[in-house]
>>> print(open('protein22.cif').read())   # mmCIF, C-alpha atoms and all ligand atoms
data_run
loop_
_atom_site.label_atom_id
_atom_site.label_comp_id
_atom_site.auth_asym_id
_atom_site.auth_seq_id
_atom_site.Cartn_x
_atom_site.Cartn_y
_atom_site.Cartn_z
CA MET A 1 251.21 15.74 -162.18
CA LYS A 2 249.17 17.03 -165.14
CA ILE A 3 247.84 13.94 -166.91
CA LEU A 4 245.93 13.77 -170.18
CA VAL A 5 243.54 10.81 -170.17
CA THR A 6 242.15 9.73 -173.55
CA GLY A 7 238.95 7.73 -173.33
CA GLY A 8 238.37 9.21 -169.89
CA ALA A 9 234.61 9.14 -170.56
CA GLY A 10 234.77 5.38 -171.09
CA TYR A 11 234.47 2.47 -168.69
CA VAL A 12 238.02 1.96 -167.39
CA GLY A 13 239.23 5.45 -168.32
CA SER A 14 236.61 7.25 -166.21
CA VAL A 15 237.36 5.13 -163.13
CA ALA A 16 241.09 5.71 -163.60
CA ALA A 17 240.53 9.47 -164.05
CA ALA A 18 238.60 9.60 -160.77
CA ASP A 19 241.36 7.66 -159.03
CA LEU A 20 244.09 9.98 -160.35
CA ILE A 21 242.17 13.02 -159.11
CA LYS A 22 241.81 11.39 -155.70
CA ALA A 23 245.58 10.89 -155.67
CA GLY A 24 246.06 14.65 -156.24
CA HIS A 25 246.79 14.74 -159.98
CA GLU A 26 245.41 17.30 -162.38
CA VAL A 27 243.41 15.44 -165.04
CA ILE A 28 242.40 16.47 -168.54
CA VAL A 29 239.95 14.03 -170.06
CA LEU A 30 240.08 13.94 -173.85
CA ASP A 31 237.27 11.95 -175.43
CA SER A 32 235.29 12.04 -178.69
CA LEU A 33 232.12 10.90 -176.87
CA VAL A 34 231.46 8.52 -179.77
CA ARG A 35 231.11 5.72 -177.22
CA GLY A 36 231.95 7.48 -173.95
CA HIS A 37 229.55 9.21 -171.58
CA ARG A 38 230.00 12.81 -170.53
CA ALA A 39 228.32 11.99 -167.20
CA SER A 40 231.05 9.49 -166.32
CA VAL A 41 233.78 12.15 -166.40
CA PRO A 42 234.69 13.26 -162.86
CA ASP A 43 233.56 16.81 -162.07
CA ALA A 44 237.07 17.80 -161.04
CA ALA A 45 238.54 16.84 -164.42
CA MET A 46 238.85 19.28 -167.27
CA PHE A 47 236.92 17.89 -170.26
CA VAL A 48 237.98 18.28 -173.89
CA ARG A 49 235.90 16.82 -176.70
CA CYS A 50 238.35 15.81 -179.38
CA ASP A 51 238.78 12.99 -181.84
CA LEU A 52 242.27 11.48 -181.97
CA ALA A 53 241.95 11.25 -185.76
CA ASN A 54 242.04 15.07 -185.88
CA THR A 55 245.77 15.76 -185.64
CA THR A 56 245.40 19.54 -185.84
CA ALA A 57 242.96 19.67 -182.93
CA LEU A 58 245.08 17.18 -181.01
CA ARG A 59 248.26 19.28 -181.38
CA MET A 60 246.30 22.34 -180.28
CA GLU A 61 245.07 20.60 -177.13
CA PHE A 62 248.61 19.49 -176.28
CA SER A 63 249.97 23.00 -176.64
CA ARG A 64 247.02 24.45 -174.72
CA HIS A 65 247.19 22.07 -171.75
CA LYS A 66 250.85 20.97 -171.76
CA PRO A 67 250.33 17.60 -170.06
CA GLN A 68 253.32 15.97 -168.38
CA ALA A 69 251.96 12.46 -168.88
CA VAL A 70 249.43 10.66 -171.05
CA MET A 71 247.19 7.69 -170.35
CA HIS A 72 245.68 6.16 -173.45
CA PHE A 73 242.39 4.31 -172.93
CA ALA A 74 240.47 5.36 -176.03
CA ALA A 75 240.04 2.46 -178.44
CA ASN A 76 237.65 0.22 -180.27
CA CYS A 77 238.00 -2.79 -178.03
CA LEU A 78 235.58 -5.50 -179.10
CA VAL A 79 237.33 -8.71 -180.07
CA GLY A 80 234.33 -10.16 -181.94
CA GLU A 81 233.67 -6.94 -183.84
CA SER A 82 237.32 -6.69 -184.86
CA MET A 83 236.97 -10.00 -186.73
CA SER A 84 234.08 -8.64 -188.82
CA GLU A 85 235.27 -5.01 -189.04
CA PRO A 86 239.06 -5.29 -189.04
CA PHE A 87 239.71 -1.78 -190.34
CA LYS A 88 237.96 -0.23 -187.35
CA HIS A 89 240.78 -1.70 -185.28
CA LEU A 90 243.72 -2.00 -187.62
CA ASP A 91 243.07 1.47 -188.96
CA ASP A 92 241.33 3.59 -186.27
CA ASN A 93 243.10 2.15 -183.23
CA VAL A 94 246.51 2.19 -184.84
CA VAL A 95 246.25 5.57 -186.59
CA CYS A 96 244.70 7.31 -183.57
CA GLY A 97 247.26 5.72 -181.24
CA ILE A 98 250.14 6.83 -183.45
CA ASN A 99 248.68 10.35 -183.69
CA LEU A 100 248.61 10.48 -179.90
CA ILE A 101 252.11 9.08 -179.42
CA ARG A 102 253.43 11.53 -182.02
CA ALA A 103 251.70 14.50 -180.34
CA SER A 104 253.10 13.35 -176.99
CA VAL A 105 256.67 13.12 -178.28
CA GLU A 106 256.42 16.44 -180.12
CA SER A 107 255.16 18.26 -177.06
CA GLY A 108 257.82 16.84 -174.77
CA VAL A 109 255.68 14.39 -172.75
CA ARG A 110 257.99 11.95 -170.94
CA LYS A 111 255.50 9.43 -169.54
CA PHE A 112 252.92 7.34 -171.34
CA VAL A 113 250.62 4.58 -170.11
CA LEU A 114 248.94 2.34 -172.68
CA SER A 115 245.89 0.18 -172.03
CA SER A 116 246.72 -3.07 -173.75
CA THR A 117 245.11 -6.48 -173.74
CA ALA A 118 245.42 -10.20 -173.07
CA ASN A 119 244.09 -10.78 -176.58
CA LEU A 120 247.77 -10.88 -177.62
CA PHE A 121 247.94 -14.51 -176.58
CA ASP A 122 246.55 -17.87 -177.52
CA CYS A 123 248.05 -20.26 -174.99
CA PRO A 124 245.43 -22.93 -174.23
CA GLY A 125 247.81 -25.34 -172.50
CA VAL A 126 249.48 -22.69 -170.34
CA ALA A 127 248.46 -22.15 -166.70
CA THR A 128 249.05 -18.39 -166.55
CA ILE A 129 250.52 -16.00 -169.10
CA VAL A 130 253.72 -14.14 -168.17
CA GLU A 131 254.89 -10.84 -169.66
CA GLY A 132 257.73 -12.60 -171.47
CA ALA A 133 255.38 -14.92 -173.40
CA GLU A 134 255.66 -14.32 -177.12
CA PRO A 135 252.67 -12.27 -178.32
CA ARG A 136 250.59 -13.91 -181.03
CA PRO A 137 247.56 -11.66 -181.44
CA VAL A 138 244.30 -13.53 -181.70
CA SER A 139 242.33 -10.80 -183.50
CA PRO A 140 242.82 -7.48 -185.32
CA TYR A 141 242.02 -5.82 -181.99
CA GLY A 142 244.94 -7.61 -180.30
CA GLU A 143 247.15 -6.85 -183.29
CA SER A 144 246.34 -3.12 -183.05
CA LYS A 145 247.49 -3.06 -179.43
CA LEU A 146 250.68 -4.94 -180.24
CA ILE A 147 251.54 -2.40 -182.95
CA LEU A 148 251.19 0.42 -180.40
CA GLU A 149 253.26 -1.50 -177.83
CA ARG A 150 256.05 -1.81 -180.42
CA MET A 151 255.73 1.86 -181.33
CA LEU A 152 256.27 2.80 -177.68
CA HIS A 153 259.34 0.57 -177.54
CA TRP A 154 260.92 2.64 -180.32
CA MET A 155 259.82 5.98 -178.91
CA ASP A 156 261.51 5.05 -175.64
CA ARG A 157 264.75 4.12 -177.41
CA ILE A 158 264.77 7.11 -179.73
CA HIS A 159 263.06 9.86 -177.74
CA GLY A 160 263.26 8.67 -174.13
CA LEU A 161 259.47 8.43 -173.80
CA ARG A 162 259.02 6.23 -170.74
CA TYR A 163 256.02 3.96 -171.01
CA ALA A 164 254.03 1.44 -169.04
CA VAL A 165 252.04 -1.09 -171.02
CA LEU A 166 249.22 -2.49 -168.92
CA ARG A 167 247.73 -5.61 -170.43
CA TYR A 168 244.29 -6.07 -168.97
CA PHE A 169 242.78 -9.44 -168.77
CA ASN A 170 238.98 -9.05 -168.36
CA ALA A 171 237.99 -5.69 -166.88
CA ALA A 172 234.80 -6.08 -164.88
CA GLY A 173 232.76 -4.74 -161.96
CA ALA A 174 231.83 -1.19 -161.00
CA THR A 175 232.55 1.46 -158.41
CA ARG A 176 229.69 3.25 -156.64
CA ASP A 177 229.54 5.98 -159.30
CA ARG A 178 230.90 4.36 -162.43
CA GLY A 179 230.11 1.17 -164.30
CA GLU A 180 229.87 -0.49 -167.66
CA ASP A 181 227.53 1.09 -170.22
CA HIS A 182 228.21 0.02 -173.80
CA GLU A 183 225.87 0.17 -176.74
CA PRO A 184 225.58 -2.55 -177.85
CA GLU A 185 226.70 -4.46 -174.74
CA THR A 186 228.75 -7.53 -175.62
CA HIS A 187 230.82 -8.22 -172.49
CA LEU A 188 229.93 -11.31 -170.55
CA ILE A 189 229.23 -9.97 -167.04
CA PRO A 190 226.96 -7.05 -168.04
CA VAL A 191 225.21 -9.27 -170.59
CA VAL A 192 224.52 -11.90 -167.91
CA LEU A 193 223.29 -9.23 -165.48
CA GLN A 194 221.02 -7.73 -168.14
CA ALA A 195 219.46 -11.18 -168.43
CA ALA A 196 219.06 -11.26 -164.63
CA LEU A 197 217.37 -7.85 -164.82
CA GLY A 198 214.95 -9.14 -167.47
CA LYS A 199 216.42 -6.94 -170.21
CA ARG A 200 217.47 -9.99 -172.22
CA ASP A 201 215.68 -13.25 -172.71
CA ARG A 202 218.78 -15.42 -172.38
CA VAL A 203 222.57 -15.45 -172.44
CA LEU A 204 224.17 -16.90 -175.54
CA ILE A 205 227.22 -18.94 -174.61
CA TYR A 206 229.69 -18.68 -177.47
CA GLY A 207 230.98 -22.23 -177.78
CA GLY A 208 230.58 -25.26 -175.54
CA ASP A 209 233.25 -27.35 -177.22
CA TYR A 210 236.50 -25.66 -176.12
CA ASP A 211 239.27 -27.77 -174.65
CA THR A 212 238.44 -26.66 -171.08
CA PRO A 213 236.88 -28.64 -168.20
CA ASP A 214 233.29 -27.54 -168.94
CA GLY A 215 233.81 -26.75 -172.64
CA THR A 216 233.38 -22.95 -172.25
CA CYS A 217 236.09 -20.26 -172.42
CA ILE A 218 238.11 -19.41 -169.34
CA ARG A 219 238.98 -15.81 -168.43
CA ASP A 220 240.59 -13.86 -165.58
CA TYR A 221 238.19 -11.14 -164.37
CA VAL A 222 239.78 -8.12 -162.72
CA HIS A 223 237.91 -5.31 -161.00
CA VAL A 224 237.93 -1.92 -162.70
CA ALA A 225 238.97 -0.19 -159.43
CA ASP A 226 241.97 -2.51 -159.19
CA LEU A 227 242.89 -1.62 -162.78
CA ALA A 228 242.66 2.05 -161.85
CA GLN A 229 244.96 1.46 -158.88
CA ALA A 230 247.50 -0.14 -161.23
CA HIS A 231 247.49 2.95 -163.46
CA SER A 232 248.23 5.26 -160.55
CA LEU A 233 251.09 3.02 -159.44
CA ALA A 234 252.46 2.67 -162.97
CA ILE A 235 252.58 6.40 -163.70
CA GLY A 236 254.30 7.03 -160.38
CA ALA A 237 257.01 4.52 -161.24
CA LEU A 238 257.87 5.85 -164.68
CA GLU A 239 260.81 8.05 -163.64
CA THR A 240 263.44 5.52 -164.50
CA ARG A 241 262.38 2.85 -166.96
CA SER A 242 259.63 1.49 -169.11
CA ALA A 243 257.78 -1.73 -168.29
CA THR A 244 255.05 -4.09 -169.41
CA TYR A 245 252.70 -5.58 -166.82
CA HIS A 246 249.89 -8.11 -166.79
CA LEU A 247 246.82 -7.20 -164.77
CA GLY A 248 244.72 -10.09 -163.58
CA ASN A 249 243.88 -11.97 -160.43
CA GLY A 250 245.25 -15.29 -161.67
CA ASN A 251 241.78 -16.74 -161.06
CA ASP A 252 240.27 -18.74 -163.87
CA PHE A 253 236.52 -18.76 -164.39
CA SER A 254 234.65 -20.35 -167.26
CA VAL A 255 231.68 -18.69 -168.92
CA LYS A 256 229.40 -21.20 -167.19
CA GLU A 257 230.99 -20.41 -163.79
CA VAL A 258 230.43 -16.68 -164.31
CA ILE A 259 226.76 -17.33 -165.09
CA GLU A 260 226.46 -19.55 -161.99
CA THR A 261 228.04 -16.80 -159.87
CA ALA A 262 225.57 -14.25 -161.27
CA ARG A 263 222.65 -16.56 -160.44
CA ARG A 264 223.92 -16.81 -156.85
CA VAL A 265 224.64 -13.09 -156.43
CA THR A 266 221.39 -11.83 -157.99
CA GLY A 267 219.11 -14.65 -156.85
CA LYS A 268 217.63 -14.66 -160.37
CA ALA A 269 217.17 -17.48 -162.85
CA ILE A 270 219.25 -16.81 -165.96
CA LYS A 271 218.48 -18.76 -169.12
CA THR A 272 221.32 -19.78 -171.40
CA GLU A 273 221.79 -21.26 -174.83
CA ILE A 274 225.00 -22.64 -176.31
CA VAL A 275 225.69 -21.22 -179.77
CA PRO A 276 228.73 -21.48 -182.10
CA ARG A 277 232.09 -20.01 -181.05
CA ARG A 278 232.74 -16.29 -181.51
CA PRO A 279 235.69 -15.75 -183.89
CA GLY A 280 238.77 -14.31 -182.17
CA ASP A 281 238.13 -15.91 -178.76
CA PRO A 282 241.02 -17.93 -177.33
CA ALA A 283 240.04 -20.86 -175.05
CA LYS A 284 241.86 -19.58 -171.98
CA LEU A 285 243.40 -16.28 -170.84
CA VAL A 286 244.68 -16.11 -167.28
CA ALA A 287 247.30 -13.63 -166.08
CA ASP A 288 250.51 -14.10 -164.20
CA SER A 289 250.68 -10.65 -162.60
CA THR A 290 253.64 -11.35 -160.31
CA ARG A 291 255.69 -8.56 -161.87
CA ILE A 292 253.43 -5.63 -160.99
CA ARG A 293 252.73 -7.07 -157.53
CA ARG A 294 256.46 -7.41 -156.84
CA GLU A 295 257.75 -4.24 -158.51
CA LEU A 296 254.93 -1.78 -157.75
CA GLY A 297 253.14 -3.40 -154.83
CA TRP A 298 249.88 -3.79 -156.76
CA ALA A 299 247.41 -5.61 -154.55
CA PRO A 300 243.92 -6.17 -155.99
CA VAL A 301 241.22 -5.43 -153.43
CA PHE A 302 238.34 -7.11 -155.29
CA ALA A 303 239.96 -10.35 -156.36
CA ASP A 304 236.89 -12.42 -155.58
CA LEU A 305 234.49 -13.03 -158.49
CA ASP A 306 231.42 -12.73 -156.23
CA LEU A 307 232.54 -9.24 -155.19
CA ILE A 308 233.19 -8.23 -158.79
CA VAL A 309 229.78 -9.45 -159.98
CA ARG A 310 228.02 -7.95 -156.93
CA SER A 311 229.55 -4.53 -157.60
CA ALA A 312 228.41 -4.65 -161.24
CA TRP A 313 224.93 -5.79 -160.15
CA ASN A 314 224.61 -2.94 -157.61
CA TRP A 315 225.55 -0.41 -160.29
CA MET A 316 223.13 -1.92 -162.79
CA ILE A 317 220.24 -1.86 -160.32
CA GLU A 318 220.91 1.81 -159.61
CA HIS A 319 221.51 2.63 -163.29
CA PRO A 320 219.18 0.31 -165.23
CA ASN A 321 219.57 2.52 -168.30
CA GLY A 322 223.25 3.20 -167.75
CA TYR A 323 224.43 6.80 -167.71
CA SER A 324 221.20 8.07 -169.23
CA THR A 325 219.81 7.62 -165.69
CA VAL A 326 222.35 10.20 -164.48
CA PRO A 327 221.42 13.90 -164.96
CA GLY A 328 223.19 15.14 -168.09
CA GLY A 329 224.17 11.60 -168.98
CA HIS A 330 222.69 11.20 -172.44
CA SER A 331 225.83 11.62 -174.48
N1 LIG B 401 230.81 -14.56 -173.94
C1 LIG B 401 229.68 -15.36 -174.14
N2 LIG B 401 228.47 -14.74 -174.33
C2 LIG B 401 228.32 -13.38 -174.35
C3 LIG B 401 229.48 -12.58 -174.15
C4 LIG B 401 230.70 -13.20 -173.96
O1 LIG B 401 229.75 -16.58 -174.13
O2 LIG B 401 227.20 -12.89 -174.54
C5 LIG B 401 232.11 -15.20 -173.71
C6 LIG B 401 233.15 -14.86 -174.78
O3 LIG B 401 233.06 -15.78 -175.84
C7 LIG B 401 234.45 -14.98 -173.97
C8 LIG B 401 234.05 -14.58 -172.56
O4 LIG B 401 232.63 -14.70 -172.50
O5 LIG B 401 234.87 -16.34 -173.94
C9 LIG B 401 234.46 -13.17 -172.20
O6 LIG B 401 234.03 -12.33 -173.26
P1 LIG B 401 234.01 -10.75 -173.15
O7 LIG B 401 233.41 -10.23 -174.42
O8 LIG B 401 233.34 -10.35 -171.87
O9 LIG B 401 235.53 -10.32 -173.01
P2 LIG B 401 236.81 -10.67 -173.94
O10 LIG B 401 237.44 -11.89 -173.32
O11 LIG B 401 236.33 -10.88 -175.34
O12 LIG B 401 237.66 -9.46 -173.81
#
>>> encode(input="protein22.cif", output="structure tokens", more="lines below")
Ligand code: UDP
Amino acid sequence: MKILVTGGAGYVGSVAAADLIKAGHEVIVLDSLVRGHRASVPDAAMFVRCDLANTTALRMEFSRHKPQAVMHFAANCLVGESMSEPFKHLDDNVVCGINLIRASVESGVRKFVLSSTANLFDCPGVATIVEGAEPRPVSPYGESKLILERMLHWMDRIHGLRYAVLRYFNAAGATRDRGEDHEPETHLIPVVLQAALGKRDRVLIYGGDYDTPDGTCIRDYVHVADLAQAHSLAIGALETRSATYHLGNGNDFSVKEVIETARRVTGKAIKTEIVPRRPGDPAKLVADSTRIRRELGWAPVFADLDLIVRSAWNWMIEHPNGYSTVPGGHS
């Protein structure tokens, strides 16, 4: 299948693009390179530099390449930032997402996969979050994804655009060739590993007074290669009906447990300091991913947190300056 992958120069998008190519699909990566890295795009993918805000250029790329399916990864996706810069999410994410959905419908695309988020939920007392739980976005970032989920619902009903919404819990880890390289880095695992590498003095723990056993937030970390596997399965299953799936391991780890794991895996001392809570952070987000396991046979390979952290550590050691270490990787 010919698949257009937005954000295919980003963290999850580049791993998914590589996976789709391995599965025999033809991939067109469309990315503005504002945050993505040209060096992360698989060699076998066609690369198009385009901003989703530019509707004229976007329409042109659709008519030039005529994709049969679209996977939408490109987004501003920092929960904390969305609380201080809401328009970046409620404007950019929503407008660019709608531009893309519109271009897809207008050019006759019948399959669409949306990267969504667990930041749609604030369910502290709940063991694991099922797809049927009522979304209550916790930040403008979460809200932006919910708006696009609802848009897809209507495009399915009105235009027959089949969609899969994949709500990631916490994407983490690395493959041999691709890992996390954000500027600035704010995600817990890379931040902790940067401290292990001596690139940061300490890890700031955002809040030690949550209603959780050790007072720090609990998350469900899922390996980026397992997320990529879910995308390949989801696009293959879109012939008949649309669906929403949760992607997580169902394992709950607190911030302190992640830091302990990183100390064990790296053998390094990692200093920490508890600071006030970060706005927009729910106490606990853990996935019930029974639906995708049952319906599509999704089976995470790297469910163990040690494996996830080890893979990220291996990538960081080999790429201490991220993609700028890779030839041609400065963008
Ligand atoms: N976190 C933290 N210190 C950091 C980065 C993150 O304490 O330097 C916490 C954050 O408050 C959240 C968890 O780690 O509870 C996971 O945050 P991350 O930004 O990695 O992902 P999110 O859950 O926001 O998508």
>>> closest_residue(input="protein22.cif", among="A:Asn54, A:Ser242, A:Asn119, A:Asn321", to="ligand LIG 401 (chain B)", atoms="all atoms listed in the file")
A:Asn119
>>> atom_distance(input="protein22.cif", atom1="atom CA of A:Phe112", atom2="atom CA of A:Tyr221")
24.6 Å
>>> atom_distance(input="protein22.cif", atom1="atom CA of A:Tyr245", atom2="atom CA of A:Phe62")
27.1 Å
>>> residues_near_ligand(input="protein22.cif", ligand="ligand LIG 401 (chain B)", cutoff="6 Å", atoms="all atoms listed in the file", output="list of chain:residue names")
A:Val79, A:Asn170, A:Thr186, A:His187, A:Leu188, A:Val191, A:Val203, A:Leu204, A:Ile205, A:Tyr206, A:Cys217, A:Val255, A:Arg278, A:Asp281
>>> write_last_selection(input="protein22.cif", atoms="C-alpha atoms", output="compact mmCIF listing (two decimals), keeping the file's coordinate frame")
# COMPACT_ATOMS: atom_id res chain seq x y z
CA VAL A 79 237.33 -8.71 -180.07
CA ASN A 170 238.98 -9.05 -168.36
CA THR A 186 228.75 -7.53 -175.62
CA HIS A 187 230.82 -8.22 -172.49
CA LEU A 188 229.93 -11.31 -170.55
CA VAL A 191 225.21 -9.27 -170.59
CA VAL A 203 222.57 -15.45 -172.44
CA LEU A 204 224.17 -16.90 -175.54
CA ILE A 205 227.22 -18.94 -174.61
CA TYR A 206 229.69 -18.68 -177.47
CA CYS A 217 236.09 -20.26 -172.42
CA VAL A 255 231.68 -18.69 -168.92
CA ARG A 278 232.74 -16.29 -181.51
CA ASP A 281 238.13 -15.91 -178.76
>>> atom_distance(input="protein22.cif", atom1="atom CA of A:Asp51", atom2="atom CA of A:Gly108")
20.7 Å
>>> closest_atom_pairs(input="protein22.cif", of="stretch 178-297 of chain A", to="stretch 135-154 of chain A", cutoff="10 Å", atoms="all atoms listed in the file", output="CSV")
residue,atom,partner,partner_atom,distance
A:Ser242,CA,A:His153,CA,8.5
A:Ala243,CA,A:His153,CA,9.7
A:Thr244,CA,A:Glu149,CA,9.0
A:Pro279,CA,A:Ser139,CA,8.3
A:Gly280,CA,A:Ser139,CA,5.2
A:Asp281,CA,A:Val138,CA,7.2
A:Pro282,CA,A:Val138,CA,7.0
>>> residues_around(input="protein22.cif", residues="A:Glu260", least_positions_apart="5", cutoff="12 Å", atoms="only C-alpha atoms", output="list in words")
Ile189, Val192, Leu193, Ala196, Val203, Phe253, Ser254, Val255, Val265, Thr266, Gly267, Lys268, Ala269, Ile270, Lys271, Thr272, Leu305, Asp306 and Val309 of chain A
>>> residues_near_point(input="protein22.cif", point="(235.4, 4.6, -169.4)", cutoff="10 Å", atoms="only C-alpha atoms", output="MDAnalysis selection string")
chainID A and resid 6:17 31 35:38 40:41 73:74 178:182 224
>>> closest_atom_pairs(input="protein22.cif", of="stretch 3-58 of chain A", to="stretch 88-105 of chain A", cutoff="12 Å", atoms="only C-alpha atoms", output="Markdown table")
| residue | atom | partner | partner_atom | distance |
| --- | --- | --- | --- | --- |
| A:Ile3 | CA | A:Ser104 | CA | 11.4 |
| A:Leu4 | CA | A:Ser104 | CA | 9.9 |
| A:Val5 | CA | A:Leu100 | CA | 11.0 |
| A:Thr6 | CA | A:Leu100 | CA | 9.1 |
| A:Gly7 | CA | A:Gly97 | CA | 11.6 |
| A:Leu30 | CA | A:Leu100 | CA | 11.0 |
| A:Asp31 | CA | A:Cys96 | CA | 12.0 |
| A:Ser32 | CA | A:Cys96 | CA | 11.6 |
| A:Cys50 | CA | A:Cys96 | CA | 11.4 |
| A:Asp51 | CA | A:Cys96 | CA | 8.4 |
| A:Leu52 | CA | A:Cys96 | CA | 5.1 |
| A:Ala53 | CA | A:Cys96 | CA | 5.3 |
| A:Asn54 | CA | A:Asn99 | CA | 8.4 |
| A:Thr55 | CA | A:Asn99 | CA | 6.4 |
| A:Thr56 | CA | A:Ala103 | CA | 9.8 |
| A:Ala57 | CA | A:Ala103 | CA | 10.5 |
| A:Leu58 | CA | A:Ala103 | CA | 7.2 |
>>> closest_residue(input="protein22.cif", among="A:His231, A:Arg277, A:Arg310, A:His159", to="A:Ala172", atoms="all atoms listed in the file")
A:Arg310
>>> closest_residue(input="protein22.cif", among="A:Val113, A:Ala283, A:Val130, A:Ile292", to="A:Asp214", atoms="all atoms listed in the file")
A:Ala283
>>> build_atoms(input="protein22.cif", residues="stretch 182-195 of chain A", atoms="N, CA and C atoms", output="PDB file, in the frame of the given file")
ATOM      1  N   HIS A 182     227.845   0.051-172.377  1.00  0.00           N
ATOM      2  CA  HIS A 182     228.210   0.020-173.800  1.00  0.00           C
ATOM      3  C   HIS A 182     226.962  -0.185-174.638  1.00  0.00           C
ATOM      4  N   GLU A 183     226.987   0.367-175.824  1.00  0.00           N
ATOM      5  CA  GLU A 183     225.870   0.170-176.740  1.00  0.00           C
ATOM      6  C   GLU A 183     226.422  -0.250-178.108  1.00  0.00           C
ATOM      7  N   PRO A 184     226.253  -1.469-178.553  1.00  0.00           N
ATOM      8  CA  PRO A 184     225.580  -2.550-177.850  1.00  0.00           C
ATOM      9  C   PRO A 184     226.484  -3.146-176.769  1.00  0.00           C
ATOM     10  N   GLU A 185     225.902  -3.785-175.774  1.00  0.00           N
ATOM     11  CA  GLU A 185     226.700  -4.460-174.740  1.00  0.00           C
ATOM     12  C   GLU A 185     227.057  -5.857-175.236  1.00  0.00           C
ATOM     13  N   THR A 186     228.333  -6.191-175.163  1.00  0.00           N
ATOM     14  CA  THR A 186     228.750  -7.530-175.620  1.00  0.00           C
ATOM     15  C   THR A 186     229.553  -8.262-174.550  1.00  0.00           C
ATOM     16  N   HIS A 187     229.966  -7.572-173.478  1.00  0.00           N
ATOM     17  CA  HIS A 187     230.820  -8.220-172.490  1.00  0.00           C
ATOM     18  C   HIS A 187     230.017  -9.144-171.587  1.00  0.00           C
ATOM     19  N   LEU A 188     230.668 -10.227-171.204  1.00  0.00           N
ATOM     20  CA  LEU A 188     229.930 -11.310-170.550  1.00  0.00           C
ATOM     21  C   LEU A 188     229.191 -10.873-169.286  1.00  0.00           C
ATOM     22  N   ILE A 189     229.882 -10.242-168.340  1.00  0.00           N
ATOM     23  CA  ILE A 189     229.230  -9.970-167.040  1.00  0.00           C
ATOM     24  C   ILE A 189     228.025  -9.031-167.200  1.00  0.00           C
ATOM     25  N   PRO A 190     228.165  -7.875-167.875  1.00  0.00           N
ATOM     26  CA  PRO A 190     226.960  -7.050-168.040  1.00  0.00           C
ATOM     27  C   PRO A 190     225.858  -7.742-168.838  1.00  0.00           C
ATOM     28  N   VAL A 191     226.226  -8.548-169.819  1.00  0.00           N
ATOM     29  CA  VAL A 191     225.210  -9.270-170.590  1.00  0.00           C
ATOM     30  C   VAL A 191     224.431 -10.227-169.677  1.00  0.00           C
ATOM     31  N   VAL A 192     225.158 -10.941-168.831  1.00  0.00           N
ATOM     32  CA  VAL A 192     224.520 -11.900-167.910  1.00  0.00           C
ATOM     33  C   VAL A 192     223.621 -11.141-166.926  1.00  0.00           C
ATOM     34  N   LEU A 193     224.091  -9.984-166.452  1.00  0.00           N
ATOM     35  CA  LEU A 193     223.290  -9.230-165.480  1.00  0.00           C
ATOM     36  C   LEU A 193     222.076  -8.584-166.149  1.00  0.00           C
ATOM     37  N   GLN A 194     222.204  -8.235-167.421  1.00  0.00           N
ATOM     38  CA  GLN A 194     221.020  -7.730-168.140  1.00  0.00           C
ATOM     39  C   GLN A 194     219.961  -8.824-168.239  1.00  0.00           C
ATOM     40  N   ALA A 195     220.406 -10.056-168.404  1.00  0.00           N
ATOM     41  CA  ALA A 195     219.460 -11.180-168.430  1.00  0.00           C
ATOM     42  C   ALA A 195     218.809 -11.339-167.049  1.00  0.00           C
TER      43      ALA A 195
END
